[in-house]
$ cat run-v7.txt   # compact mmCIF, N, CA and C atoms
# COMPACT_ATOMS: atom_id res chain seq x y z
N MET E 75 16.57 32.80 -38.42
CA MET E 75 16.32 32.48 -39.81
C MET E 75 16.54 30.99 -40.02
N PHE E 76 15.61 30.36 -40.68
CA PHE E 76 15.67 28.93 -40.95
C PHE E 76 16.49 28.70 -42.21
N ALA E 77 17.51 27.86 -42.12
CA ALA E 77 18.36 27.59 -43.27
C ALA E 77 18.48 26.08 -43.46
N PRO E 78 17.50 25.48 -44.13
CA PRO E 78 17.55 24.02 -44.32
C PRO E 78 18.68 23.63 -45.26
N SER E 79 19.21 22.44 -45.03
CA SER E 79 20.24 21.91 -45.91
C SER E 79 19.59 21.38 -47.20
N GLN E 80 20.42 21.07 -48.17
CA GLN E 80 19.91 20.48 -49.41
C GLN E 80 19.13 19.19 -49.10
N ASN E 81 19.68 18.36 -48.21
CA ASN E 81 18.99 17.12 -47.86
C ASN E 81 17.67 17.39 -47.15
N ASP E 82 17.62 18.41 -46.30
CA ASP E 82 16.37 18.77 -45.62
C ASP E 82 15.29 19.14 -46.63
N VAL E 83 15.66 19.94 -47.63
CA VAL E 83 14.70 20.38 -48.64
C VAL E 83 14.20 19.19 -49.45
N ARG E 84 15.12 18.36 -49.88
CA ARG E 84 14.74 17.19 -50.68
C ARG E 84 13.88 16.22 -49.88
N THR E 85 14.24 16.02 -48.63
CA THR E 85 13.44 15.13 -47.77
C THR E 85 12.04 15.70 -47.57
N PHE E 86 11.95 17.00 -47.35
CA PHE E 86 10.64 17.63 -47.18
C PHE E 86 9.75 17.38 -48.39
N PHE E 87 10.23 17.68 -49.58
CA PHE E 87 9.40 17.52 -50.78
C PHE E 87 9.04 16.06 -51.03
N CYS E 88 10.00 15.16 -50.87
CA CYS E 88 9.72 13.74 -51.07
C CYS E 88 8.70 13.22 -50.05
N THR E 89 8.85 13.64 -48.81
CA THR E 89 7.94 13.20 -47.75
C THR E 89 6.54 13.77 -47.98
N ALA E 90 6.46 15.04 -48.33
CA ALA E 90 5.14 15.64 -48.60
C ALA E 90 4.46 14.92 -49.76
N TRP E 91 5.20 14.61 -50.80
CA TRP E 91 4.62 13.92 -51.96
C TRP E 91 4.18 12.50 -51.58
N ARG E 92 5.02 11.78 -50.81
CA ARG E 92 4.66 10.44 -50.37
C ARG E 92 3.38 10.47 -49.52
N LYS E 93 3.32 11.41 -48.58
CA LYS E 93 2.13 11.52 -47.71
C LYS E 93 0.89 11.86 -48.54
N HIS E 94 1.05 12.75 -49.50
CA HIS E 94 -0.07 13.11 -50.38
C HIS E 94 -0.58 11.89 -51.13
N LEU E 95 0.32 11.13 -51.73
CA LEU E 95 -0.08 9.95 -52.50
C LEU E 95 -0.72 8.88 -51.61
N ALA E 96 -0.26 8.79 -50.37
CA ALA E 96 -0.78 7.79 -49.43
C ALA E 96 -2.07 8.25 -48.75
N GLY E 97 -2.46 9.49 -48.97
CA GLY E 97 -3.66 10.02 -48.32
C GLY E 97 -3.47 10.28 -46.84
N GLU E 98 -2.23 10.48 -46.42
CA GLU E 98 -1.93 10.76 -45.02
C GLU E 98 -2.18 12.24 -44.72
N PRO E 99 -2.36 12.58 -43.45
CA PRO E 99 -2.55 13.99 -43.08
C PRO E 99 -1.34 14.82 -43.49
N LEU E 100 -1.62 16.03 -43.96
CA LEU E 100 -0.57 16.94 -44.42
C LEU E 100 -0.61 18.23 -43.63
N SER E 101 0.55 18.77 -43.35
CA SER E 101 0.61 20.11 -42.78
C SER E 101 0.25 21.11 -43.88
N ALA E 102 0.07 22.35 -43.51
CA ALA E 102 -0.24 23.38 -44.51
C ALA E 102 0.87 23.48 -45.55
N MET E 103 2.12 23.42 -45.12
CA MET E 103 3.23 23.51 -46.05
C MET E 103 3.32 22.25 -46.92
N ASP E 104 3.05 21.08 -46.33
CA ASP E 104 3.01 19.84 -47.12
C ASP E 104 1.95 19.94 -48.21
N THR E 105 0.80 20.48 -47.86
CA THR E 105 -0.30 20.63 -48.82
C THR E 105 0.12 21.52 -49.98
N LEU E 106 0.73 22.64 -49.67
CA LEU E 106 1.18 23.55 -50.71
C LEU E 106 2.23 22.89 -51.59
N ALA E 107 3.17 22.18 -50.98
CA ALA E 107 4.21 21.48 -51.75
C ALA E 107 3.57 20.43 -52.66
N ALA E 108 2.61 19.69 -52.15
CA ALA E 108 1.94 18.65 -52.95
C ALA E 108 1.15 19.27 -54.10
N GLN E 109 0.52 20.41 -53.85
CA GLN E 109 -0.24 21.08 -54.91
C GLN E 109 0.67 21.51 -56.06
N TRP E 110 1.83 22.08 -55.73
CA TRP E 110 2.75 22.48 -56.79
C TRP E 110 3.37 21.27 -57.46
N THR E 111 3.62 20.22 -56.69
CA THR E 111 4.18 19.00 -57.29
C THR E 111 3.18 18.38 -58.26
N GLU E 112 1.90 18.41 -57.92
CA GLU E 112 0.88 17.90 -58.85
C GLU E 112 0.95 18.60 -60.19
N ARG E 113 1.27 19.89 -60.18
CA ARG E 113 1.35 20.68 -61.41
C ARG E 113 2.59 20.36 -62.23
N HIS E 114 3.48 19.55 -61.67
CA HIS E 114 4.74 19.20 -62.34
C HIS E 114 4.92 17.69 -62.41
N PRO E 115 4.17 17.02 -63.27
CA PRO E 115 4.30 15.57 -63.37
C PRO E 115 5.71 15.12 -63.79
N GLU E 116 6.45 16.00 -64.44
CA GLU E 116 7.81 15.66 -64.84
C GLU E 116 8.72 15.45 -63.63
N TYR E 117 8.30 15.86 -62.44
CA TYR E 117 9.10 15.69 -61.24
C TYR E 117 8.62 14.53 -60.36
N HIS E 118 7.52 13.92 -60.68
CA HIS E 118 6.95 12.89 -59.81
C HIS E 118 7.93 11.75 -59.53
N ALA E 119 8.63 11.28 -60.55
CA ALA E 119 9.58 10.19 -60.34
C ALA E 119 10.72 10.64 -59.43
N ASP E 120 11.19 11.87 -59.60
CA ASP E 120 12.27 12.39 -58.76
C ASP E 120 11.88 12.42 -57.28
N LEU E 121 10.62 12.74 -57.02
CA LEU E 121 10.16 12.86 -55.64
C LEU E 121 9.67 11.54 -55.06
N SER E 122 9.59 10.52 -55.87
CA SER E 122 9.08 9.23 -55.40
C SER E 122 10.18 8.32 -54.85
N ASP E 123 11.42 8.71 -54.96
CA ASP E 123 12.54 7.89 -54.48
C ASP E 123 13.47 8.78 -53.66
N LEU E 124 13.30 8.75 -52.35
CA LEU E 124 14.06 9.64 -51.47
C LEU E 124 15.56 9.40 -51.58
N GLU E 125 15.99 8.14 -51.58
CA GLU E 125 17.43 7.86 -51.66
C GLU E 125 18.04 8.43 -52.94
N ALA E 126 17.36 8.22 -54.05
CA ALA E 126 17.86 8.76 -55.32
C ALA E 126 17.84 10.28 -55.30
N ALA E 127 16.80 10.86 -54.69
CA ALA E 127 16.70 12.32 -54.61
C ALA E 127 17.86 12.90 -53.81
N LEU E 128 18.22 12.25 -52.73
CA LEU E 128 19.32 12.75 -51.89
C LEU E 128 20.66 12.65 -52.61
N ALA E 129 20.80 11.67 -53.49
CA ALA E 129 22.06 11.46 -54.20
C ALA E 129 22.15 12.23 -55.52
N ALA E 130 21.03 12.71 -56.02
CA ALA E 130 21.01 13.33 -57.35
C ALA E 130 21.83 14.62 -57.40
N VAL E 131 22.45 14.82 -58.53
CA VAL E 131 23.20 16.04 -58.80
C VAL E 131 22.60 16.63 -60.08
N TYR E 132 22.21 17.89 -60.01
CA TYR E 132 21.61 18.57 -61.15
C TYR E 132 22.59 19.64 -61.62
N THR E 133 23.10 19.46 -62.82
CA THR E 133 24.06 20.42 -63.36
C THR E 133 23.47 21.09 -64.60
N VAL E 134 23.97 22.26 -64.89
CA VAL E 134 23.54 23.00 -66.07
C VAL E 134 23.84 22.18 -67.33
N ASP E 135 24.95 21.44 -67.30
CA ASP E 135 25.36 20.65 -68.46
C ASP E 135 24.32 19.60 -68.84
N GLU E 136 23.58 19.11 -67.86
CA GLU E 136 22.55 18.11 -68.14
C GLU E 136 21.35 18.71 -68.85
N GLY E 137 21.20 20.02 -68.75
CA GLY E 137 20.06 20.68 -69.38
C GLY E 137 18.74 20.35 -68.71
N ARG E 138 18.81 19.98 -67.46
CA ARG E 138 17.63 19.58 -66.72
C ARG E 138 17.44 20.48 -65.50
N THR E 139 16.21 20.90 -65.27
CA THR E 139 15.92 21.74 -64.12
C THR E 139 15.99 20.92 -62.84
N ASN E 140 16.52 21.53 -61.79
CA ASN E 140 16.53 20.90 -60.48
C ASN E 140 15.10 21.00 -59.93
N PRO E 141 14.41 19.86 -59.78
CA PRO E 141 13.01 19.93 -59.34
C PRO E 141 12.85 20.52 -57.94
N PHE E 142 13.83 20.33 -57.09
CA PHE E 142 13.74 20.84 -55.72
C PHE E 142 13.91 22.35 -55.68
N LEU E 143 14.78 22.87 -56.50
CA LEU E 143 14.92 24.32 -56.61
C LEU E 143 13.66 24.92 -57.21
N HIS E 144 13.17 24.31 -58.26
CA HIS E 144 11.97 24.82 -58.93
C HIS E 144 10.77 24.85 -57.97
N LEU E 145 10.54 23.74 -57.29
CA LEU E 145 9.41 23.68 -56.36
C LEU E 145 9.61 24.61 -55.17
N SER E 146 10.85 24.76 -54.72
CA SER E 146 11.14 25.70 -53.62
C SER E 146 10.81 27.13 -54.03
N MET E 147 11.08 27.46 -55.29
CA MET E 147 10.75 28.80 -55.76
C MET E 147 9.24 29.00 -55.80
N HIS E 148 8.49 27.96 -56.21
CA HIS E 148 7.03 28.06 -56.16
C HIS E 148 6.57 28.34 -54.73
N LEU E 149 7.14 27.61 -53.76
CA LEU E 149 6.75 27.83 -52.36
C LEU E 149 7.12 29.23 -51.89
N SER E 150 8.30 29.69 -52.27
CA SER E 150 8.73 31.03 -51.86
C SER E 150 7.80 32.10 -52.40
N ILE E 151 7.45 31.98 -53.67
CA ILE E 151 6.55 32.98 -54.27
C ILE E 151 5.18 32.90 -53.63
N SER E 152 4.69 31.69 -53.38
CA SER E 152 3.38 31.54 -52.71
C SER E 152 3.39 32.20 -51.35
N GLU E 153 4.48 32.03 -50.62
CA GLU E 153 4.60 32.64 -49.29
C GLU E 153 4.68 34.16 -49.41
N GLN E 154 5.45 34.66 -50.37
CA GLN E 154 5.53 36.10 -50.58
C GLN E 154 4.14 36.68 -50.84
N VAL E 155 3.38 36.01 -51.69
CA VAL E 155 2.04 36.48 -52.03
C VAL E 155 1.14 36.43 -50.80
N SER E 156 1.24 35.37 -50.01
CA SER E 156 0.35 35.21 -48.86
C SER E 156 0.56 36.30 -47.81
N ILE E 157 1.79 36.78 -47.68
CA ILE E 157 2.08 37.83 -46.68
C ILE E 157 2.32 39.19 -47.34
N ASP E 158 2.17 39.25 -48.65
CA ASP E 158 2.39 40.47 -49.44
C ASP E 158 3.74 41.11 -49.11
N GLN E 159 4.78 40.30 -49.26
CA GLN E 159 6.14 40.77 -48.97
C GLN E 159 7.04 40.38 -50.11
N PRO E 160 7.65 41.27 -50.83
CA PRO E 160 7.60 42.70 -50.61
C PRO E 160 6.22 43.27 -50.89
N ARG E 161 5.90 44.34 -50.17
CA ARG E 161 4.57 44.94 -50.28
C ARG E 161 4.27 45.26 -51.74
N GLY E 162 3.13 44.74 -52.21
CA GLY E 162 2.72 44.94 -53.59
C GLY E 162 2.87 43.70 -54.45
N ILE E 163 3.60 42.68 -53.95
CA ILE E 163 3.82 41.48 -54.75
C ILE E 163 2.51 40.72 -54.98
N ARG E 164 1.62 40.73 -53.98
CA ARG E 164 0.34 40.03 -54.14
C ARG E 164 -0.43 40.60 -55.33
N GLN E 165 -0.58 41.90 -55.36
CA GLN E 165 -1.32 42.54 -56.45
C GLN E 165 -0.63 42.29 -57.80
N ALA E 166 0.69 42.39 -57.83
CA ALA E 166 1.42 42.20 -59.08
C ALA E 166 1.25 40.77 -59.60
N VAL E 167 1.34 39.79 -58.72
CA VAL E 167 1.18 38.39 -59.13
C VAL E 167 -0.26 38.13 -59.56
N GLU E 168 -1.22 38.68 -58.82
CA GLU E 168 -2.62 38.51 -59.21
C GLU E 168 -2.90 39.12 -60.57
N LEU E 169 -2.34 40.30 -60.84
CA LEU E 169 -2.51 40.94 -62.16
C LEU E 169 -1.87 40.10 -63.25
N LEU E 170 -0.68 39.59 -62.98
CA LEU E 170 0.01 38.76 -63.96
C LEU E 170 -0.75 37.46 -64.22
N ALA E 171 -1.27 36.87 -63.16
CA ALA E 171 -2.06 35.64 -63.31
C ALA E 171 -3.32 35.90 -64.13
N ALA E 172 -3.97 37.02 -63.89
CA ALA E 172 -5.17 37.38 -64.66
C ALA E 172 -4.80 37.61 -66.12
N LYS E 173 -3.69 38.27 -66.34
CA LYS E 173 -3.23 38.56 -67.71
C LYS E 173 -2.92 37.26 -68.46
N ARG E 174 -2.29 36.33 -67.80
CA ARG E 174 -1.91 35.04 -68.41
C ARG E 174 -3.05 34.03 -68.39
N GLY E 175 -4.03 34.28 -67.52
CA GLY E 175 -5.14 33.33 -67.39
C GLY E 175 -4.75 32.06 -66.66
N ASP E 176 -3.62 32.11 -65.93
CA ASP E 176 -3.12 30.90 -65.27
C ASP E 176 -2.11 31.30 -64.20
N LEU E 177 -2.39 30.95 -62.96
CA LEU E 177 -1.48 31.26 -61.86
C LEU E 177 -0.14 30.55 -62.04
N HIS E 178 -0.18 29.32 -62.52
CA HIS E 178 1.05 28.55 -62.69
C HIS E 178 1.98 29.23 -63.68
N ALA E 179 1.46 29.63 -64.82
CA ALA E 179 2.27 30.34 -65.82
C ALA E 179 2.79 31.65 -65.25
N ALA E 180 1.96 32.35 -64.50
CA ALA E 180 2.39 33.60 -63.89
C ALA E 180 3.53 33.35 -62.90
N GLN E 181 3.41 32.30 -62.11
CA GLN E 181 4.47 32.01 -61.15
C GLN E 181 5.79 31.72 -61.85
N HIS E 182 5.74 31.07 -63.00
CA HIS E 182 6.98 30.81 -63.73
C HIS E 182 7.62 32.11 -64.20
N GLU E 183 6.82 33.08 -64.57
CA GLU E 183 7.38 34.38 -64.93
C GLU E 183 7.96 35.09 -63.71
N VAL E 184 7.27 34.98 -62.59
CA VAL E 184 7.77 35.59 -61.35
C VAL E 184 9.09 34.93 -60.95
N MET E 185 9.18 33.61 -61.18
CA MET E 185 10.43 32.89 -60.91
C MET E 185 11.60 33.49 -61.67
N ASP E 186 11.35 33.85 -62.92
CA ASP E 186 12.41 34.48 -63.71
C ASP E 186 12.88 35.77 -63.03
N CYS E 187 11.92 36.55 -62.56
CA CYS E 187 12.25 37.81 -61.88
C CYS E 187 12.99 37.56 -60.58
N LEU E 188 12.55 36.57 -59.83
CA LEU E 188 13.20 36.21 -58.57
C LEU E 188 14.62 35.73 -58.83
N GLY E 189 14.77 34.88 -59.84
CA GLY E 189 16.10 34.39 -60.20
C GLY E 189 17.04 35.50 -60.61
N GLU E 190 16.53 36.48 -61.37
CA GLU E 190 17.35 37.63 -61.78
C GLU E 190 17.81 38.42 -60.56
N MET E 191 16.89 38.63 -59.62
CA MET E 191 17.25 39.39 -58.42
C MET E 191 18.35 38.67 -57.64
N LEU E 192 18.21 37.36 -57.49
CA LEU E 192 19.20 36.60 -56.74
C LEU E 192 20.54 36.56 -57.47
N TRP E 193 20.50 36.40 -58.79
CA TRP E 193 21.73 36.39 -59.58
C TRP E 193 22.46 37.72 -59.45
N GLU E 194 21.71 38.82 -59.56
CA GLU E 194 22.33 40.15 -59.43
C GLU E 194 22.93 40.35 -58.04
N SER E 195 22.24 39.85 -57.03
CA SER E 195 22.75 39.97 -55.67
C SER E 195 24.06 39.20 -55.51
N GLN E 196 24.09 37.99 -56.01
CA GLN E 196 25.30 37.18 -55.91
C GLN E 196 26.45 37.82 -56.70
N ARG E 197 26.14 38.30 -57.89
CA ARG E 197 27.16 38.90 -58.75
C ARG E 197 27.74 40.17 -58.13
N SER E 198 26.88 40.99 -57.53
CA SER E 198 27.32 42.28 -57.00
C SER E 198 27.83 42.20 -55.56
N GLY E 199 27.47 41.13 -54.86
CA GLY E 199 27.84 41.02 -53.45
C GLY E 199 26.96 41.86 -52.53
N ARG E 200 25.87 42.40 -53.10
CA ARG E 200 24.93 43.21 -52.31
C ARG E 200 23.71 42.37 -51.94
N PRO E 201 22.95 42.82 -50.96
CA PRO E 201 21.72 42.10 -50.61
C PRO E 201 20.72 42.12 -51.77
N PRO E 202 19.83 41.14 -51.82
CA PRO E 202 18.79 41.15 -52.85
C PRO E 202 17.98 42.44 -52.78
N ASP E 203 17.59 42.94 -53.95
CA ASP E 203 16.84 44.19 -54.05
C ASP E 203 15.36 43.89 -54.30
N PRO E 204 14.55 43.89 -53.24
CA PRO E 204 13.14 43.54 -53.40
C PRO E 204 12.37 44.54 -54.27
N HIS E 205 12.83 45.79 -54.31
CA HIS E 205 12.14 46.80 -55.11
C HIS E 205 12.35 46.53 -56.60
N ALA E 206 13.57 46.17 -56.98
CA ALA E 206 13.84 45.85 -58.38
C ALA E 206 13.07 44.59 -58.79
N TYR E 207 13.00 43.63 -57.89
CA TYR E 207 12.24 42.39 -58.12
C TYR E 207 10.77 42.72 -58.36
N LEU E 208 10.18 43.50 -57.47
CA LEU E 208 8.78 43.87 -57.60
C LEU E 208 8.55 44.66 -58.89
N ASP E 209 9.44 45.56 -59.22
CA ASP E 209 9.32 46.33 -60.46
C ASP E 209 9.31 45.40 -61.67
N ARG E 210 10.15 44.39 -61.68
CA ARG E 210 10.18 43.44 -62.79
C ARG E 210 8.83 42.71 -62.92
N VAL E 211 8.30 42.26 -61.79
CA VAL E 211 7.02 41.54 -61.82
C VAL E 211 5.92 42.49 -62.30
N ARG E 212 5.92 43.70 -61.79
CA ARG E 212 4.90 44.68 -62.21
C ARG E 212 4.98 44.97 -63.72
N ARG E 213 6.20 45.10 -64.24
CA ARG E 213 6.34 45.34 -65.69
C ARG E 213 5.74 44.20 -66.50
N ARG E 214 5.96 42.99 -66.07
CA ARG E 214 5.38 41.84 -66.78
C ARG E 214 3.85 41.85 -66.67
N ALA E 215 3.37 42.28 -65.53
CA ALA E 215 1.91 42.28 -65.31
C ALA E 215 1.22 43.38 -66.08
N THR E 216 1.93 44.44 -66.39
CA THR E 216 1.27 45.59 -67.02
C THR E 216 1.72 45.83 -68.46
N ALA E 217 2.70 45.08 -68.93
CA ALA E 217 3.20 45.28 -70.31
C ALA E 217 2.23 44.75 -71.34
$ encode --input "run-v7.txt" --output "structure tokens"
Amino acid sequence: MFAPSQNDVRTFFCTAWRKHLAGEPLSAMDTLAAQWTERHPEYHADLSDLEAALAAVYTVDEGRTNPFLHLSMHLSISEQVSIDQPRGIRQAVELLAAKRGDLHAAQHEVMDCLGEMLWESQRSGRPPDPHAYLDRVRRRATA
């Protein structure tokens, strides 16, 4: 299992964004990261300065979203959809995107479901429950 450090994640996103802006060749994952970053202009400055990104601290008290966490969740959901894991997530996300008329808006709703699953797992000390996660996404897609 790959477990990147906070600095690894921040370096990855900053490097992918820099390469994208410079027109340099991108890996498939770099391309996906750059595509999601394009959808979030509010994060462009954060990703344009690697040293500042590595030093930044994002706290709830600031009332500001951690751009690296947010973009990582976009990548996680994109990967889940691409491999349909948990089974059925692809269809649920596609239905939600059709309902909302926008994949980006749908992904933000899926993020809420993913965050709830992770929070419940941390709170209970049990492994994440992919079935409860999928059920949440399906409810949003069909409600």
$ closest_residue --input "run-v7.txt" --among "E:Pro99, E:Pro78, E:Pro201, E:Pro141" --to "Tyr117 of chain E" --atoms "only N, CA and C atoms"
E:Pro141
$ atom_distance --input "run-v7.txt" --atom1 "atom CA of Ser195 of chain E" --atom2 "atom CA of Asn81 of chain E"
24.4 Å
$ residues_around --input "run-v7.txt" --residues "segment 149-155 of chain E" --least-positions-apart "4" --cutoff "5 Å" --atoms "all atoms listed in the file" --output "list in words"
Leu145, Gln159 and Arg164 of chain E
$ select_by_dssp --input "run-v7.txt" --residues "segment 86-215 of chain E" --states "helix (DSSP H, G or I)" --output "PyMOL selection string"
chain E and resi 86-96+102-112+115-121+124-129+134-136+141-157+163-174+177-198+204-215
$ axis_aligned_box --input "run-v7.txt" --around "segment 134-138 of chain E" --padding-each-side "5 Å" --output "AutoDock Vina command-line options"
--center_x 21.4 --center_y 20.6 --center_z -67.1 --size_x 17.9 --size_y 14.9 --size_z 14.5
$ residues_near_point --input "run-v7.txt" --point "(0.0, 34.4, -63.3)" --cutoff "8 Å" --atoms "only C-alpha atoms" --output "PyMOL selection string"
chain E and resi 167-183
$ residues_around --input "run-v7.txt" --residues "Ala90 of chain E" --least-positions-apart "5" --cutoff "8 Å" --atoms "only N, CA and C atoms" --output "mmCIF file with N, CA and C atoms, in the frame of the given file"
data_model
loop_
_atom_site.group_PDB
_atom_site.id
_atom_site.type_symbol
_atom_site.label_atom_id
_atom_site.label_comp_id
_atom_site.auth_asym_id
_atom_site.auth_seq_id
_atom_site.Cartn_x
_atom_site.Cartn_y
_atom_site.Cartn_z
ATOM 1 N N ARG E 84 15.120 18.360 -49.880
ATOM 2 C CA ARG E 84 14.740 17.190 -50.680
ATOM 3 C C ARG E 84 13.880 16.220 -49.880
ATOM 4 N N THR E 85 14.240 16.020 -48.630
ATOM 5 C CA THR E 85 13.440 15.130 -47.770
ATOM 6 C C THR E 85 12.040 15.700 -47.570
ATOM 7 N N LEU E 95 0.320 11.130 -51.730
ATOM 8 C CA LEU E 95 -0.080 9.950 -52.500
ATOM 9 C C LEU E 95 -0.720 8.880 -51.610
ATOM 10 N N ALA E 96 -0.260 8.790 -50.370
ATOM 11 C CA ALA E 96 -0.780 7.790 -49.430
ATOM 12 C C ALA E 96 -2.070 8.250 -48.750
ATOM 13 N N LEU E 100 -1.620 16.030 -43.960
ATOM 14 C CA LEU E 100 -0.570 16.940 -44.420
ATOM 15 C C LEU E 100 -0.610 18.230 -43.630
ATOM 16 N N SER E 101 0.550 18.770 -43.350
ATOM 17 C CA SER E 101 0.610 20.110 -42.780
ATOM 18 C C SER E 101 0.250 21.110 -43.880
ATOM 19 N N MET E 103 2.120 23.420 -45.120
ATOM 20 C CA MET E 103 3.230 23.510 -46.050
ATOM 21 C C MET E 103 3.320 22.250 -46.920
ATOM 22 N N ASP E 104 3.050 21.080 -46.330
ATOM 23 C CA ASP E 104 3.010 19.840 -47.120
ATOM 24 C C ASP E 104 1.950 19.940 -48.210
ATOM 25 N N THR E 105 0.800 20.480 -47.860
ATOM 26 C CA THR E 105 -0.300 20.630 -48.820
ATOM 27 C C THR E 105 0.120 21.520 -49.980
ATOM 28 N N ALA E 107 3.170 22.180 -50.980
ATOM 29 C CA ALA E 107 4.210 21.480 -51.750
ATOM 30 C C ALA E 107 3.570 20.430 -52.660
ATOM 31 N N ALA E 108 2.610 19.690 -52.150
ATOM 32 C CA ALA E 108 1.940 18.650 -52.950
ATOM 33 C C ALA E 108 1.150 19.270 -54.100
ATOM 34 N N GLN E 109 0.520 20.410 -53.850
ATOM 35 C CA GLN E 109 -0.240 21.080 -54.910
ATOM 36 C C GLN E 109 0.670 21.510 -56.060
#
$ atom_distance --input "run-v7.txt" --atom1 "atom CA of Ile163 of chain E" --atom2 "atom CA of Gln80 of chain E"
27.0 Å
$ atom_distance --input "run-v7.txt" --atom1 "atom CA of Tyr207 of chain E" --atom2 "atom CA of Glu194 of chain E"
10.4 Å
$ residues_near_point --input "run-v7.txt" --point "(14.0, 46.4, -53.8)" --cutoff "12 Å" --atoms "only C-alpha atoms" --output "ChimeraX atom specification"
/E:159-163,187-188,191-192,194-195,200-211
$ closest_residue --input "run-v7.txt" --among "E:Phe86, E:Trp91, E:Asp135, E:Ala130" --to "Pro115 of chain E" --atoms "only C-alpha atoms"
E:Trp91
$ residues_around --input "run-v7.txt" --residues "Cys88 of chain E" --least-positions-apart "4" --cutoff "8 Å" --atoms "all atoms listed in the file" --output "VMD selection string"
chain E and resid 82 to 84 92 to 94 120 to 124 127
$ build_atoms --input "run-v7.txt" --residues "segment 169-181 of chain E" --atoms "N, CA, C and O atoms" --output "PDB file, in the coordinates of the input"
ATOM      1  N   LEU E 169      -2.340  40.300 -60.840  1.00  0.00           N
ATOM      2  CA  LEU E 169      -2.510  40.940 -62.160  1.00  0.00           C
ATOM      3  C   LEU E 169      -1.870  40.100 -63.250  1.00  0.00           C
ATOM      4  O   LEU E 169      -2.447  39.923 -64.333  1.00  0.00           O
ATOM      5  N   LEU E 170      -0.680  39.590 -62.980  1.00  0.00           N
ATOM      6  CA  LEU E 170       0.010  38.760 -63.960  1.00  0.00           C
ATOM      7  C   LEU E 170      -0.750  37.460 -64.220  1.00  0.00           C
ATOM      8  O   LEU E 170      -0.898  37.036 -65.372  1.00  0.00           O
ATOM      9  N   ALA E 171      -1.270  36.870 -63.160  1.00  0.00           N
ATOM     10  CA  ALA E 171      -2.060  35.640 -63.310  1.00  0.00           C
ATOM     11  C   ALA E 171      -3.320  35.900 -64.130  1.00  0.00           C
ATOM     12  O   ALA E 171      -3.700  35.086 -64.987  1.00  0.00           O
ATOM     13  N   ALA E 172      -3.970  37.020 -63.890  1.00  0.00           N
ATOM     14  CA  ALA E 172      -5.170  37.380 -64.660  1.00  0.00           C
ATOM     15  C   ALA E 172      -4.800  37.610 -66.120  1.00  0.00           C
ATOM     16  O   ALA E 172      -5.512  37.188 -67.040  1.00  0.00           O
ATOM     17  N   LYS E 173      -3.690  38.270 -66.340  1.00  0.00           N
ATOM     18  CA  LYS E 173      -3.230  38.560 -67.710  1.00  0.00           C
ATOM     19  C   LYS E 173      -2.920  37.260 -68.460  1.00  0.00           C
ATOM     20  O   LYS E 173      -3.242  37.129 -69.636  1.00  0.00           O
ATOM     21  N   ARG E 174      -2.290  36.330 -67.800  1.00  0.00           N
ATOM     22  CA  ARG E 174      -1.910  35.040 -68.410  1.00  0.00           C
ATOM     23  C   ARG E 174      -3.050  34.030 -68.390  1.00  0.00           C
ATOM     24  O   ARG E 174      -2.996  33.032 -69.085  1.00  0.00           O
ATOM     25  N   GLY E 175      -4.030  34.280 -67.520  1.00  0.00           N
ATOM     26  CA  GLY E 175      -5.140  33.330 -67.390  1.00  0.00           C
ATOM     27  C   GLY E 175      -4.750  32.060 -66.660  1.00  0.00           C
ATOM     28  O   GLY E 175      -5.454  31.060 -66.721  1.00  0.00           O
ATOM     29  N   ASP E 176      -3.620  32.110 -65.930  1.00  0.00           N
ATOM     30  CA  ASP E 176      -3.120  30.900 -65.270  1.00  0.00           C
ATOM     31  C   ASP E 176      -2.110  31.300 -64.200  1.00  0.00           C
ATOM     32  O   ASP E 176      -1.071  31.895 -64.515  1.00  0.00           O
ATOM     33  N   LEU E 177      -2.390  30.950 -62.960  1.00  0.00           N
ATOM     34  CA  LEU E 177      -1.480  31.260 -61.860  1.00  0.00           C
ATOM     35  C   LEU E 177      -0.140  30.550 -62.040  1.00  0.00           C
ATOM     36  O   LEU E 177       0.922  31.110 -61.760  1.00  0.00           O
ATOM     37  N   HIS E 178      -0.180  29.320 -62.520  1.00  0.00           N
ATOM     38  CA  HIS E 178       1.050  28.550 -62.690  1.00  0.00           C
ATOM     39  C   HIS E 178       1.980  29.230 -63.680  1.00  0.00           C
ATOM     40  O   HIS E 178       3.180  29.410 -63.416  1.00  0.00           O
ATOM     41  N   ALA E 179       1.460  29.630 -64.820  1.00  0.00           N
ATOM     42  CA  ALA E 179       2.270  30.340 -65.820  1.00  0.00           C
ATOM     43  C   ALA E 179       2.790  31.650 -65.250  1.00  0.00           C
ATOM     44  O   ALA E 179       3.957  32.011 -65.472  1.00  0.00           O
ATOM     45  N   ALA E 180       1.960  32.350 -64.500  1.00  0.00           N
ATOM     46  CA  ALA E 180       2.390  33.600 -63.890  1.00  0.00           C
ATOM     47  C   ALA E 180       3.530  33.350 -62.900  1.00  0.00           C
ATOM     48  O   ALA E 180       4.510  34.098 -62.878  1.00  0.00           O
ATOM     49  N   GLN E 181       3.410  32.300 -62.110  1.00  0.00           N
ATOM     50  CA  GLN E 181       4.470  32.010 -61.150  1.00  0.00           C
ATOM     51  C   GLN E 181       5.790  31.720 -61.850  1.00  0.00           C
ATOM     52  O   GLN E 181       6.846  32.109 -61.366  1.00  0.00           O
TER      53      GLN E 181
END
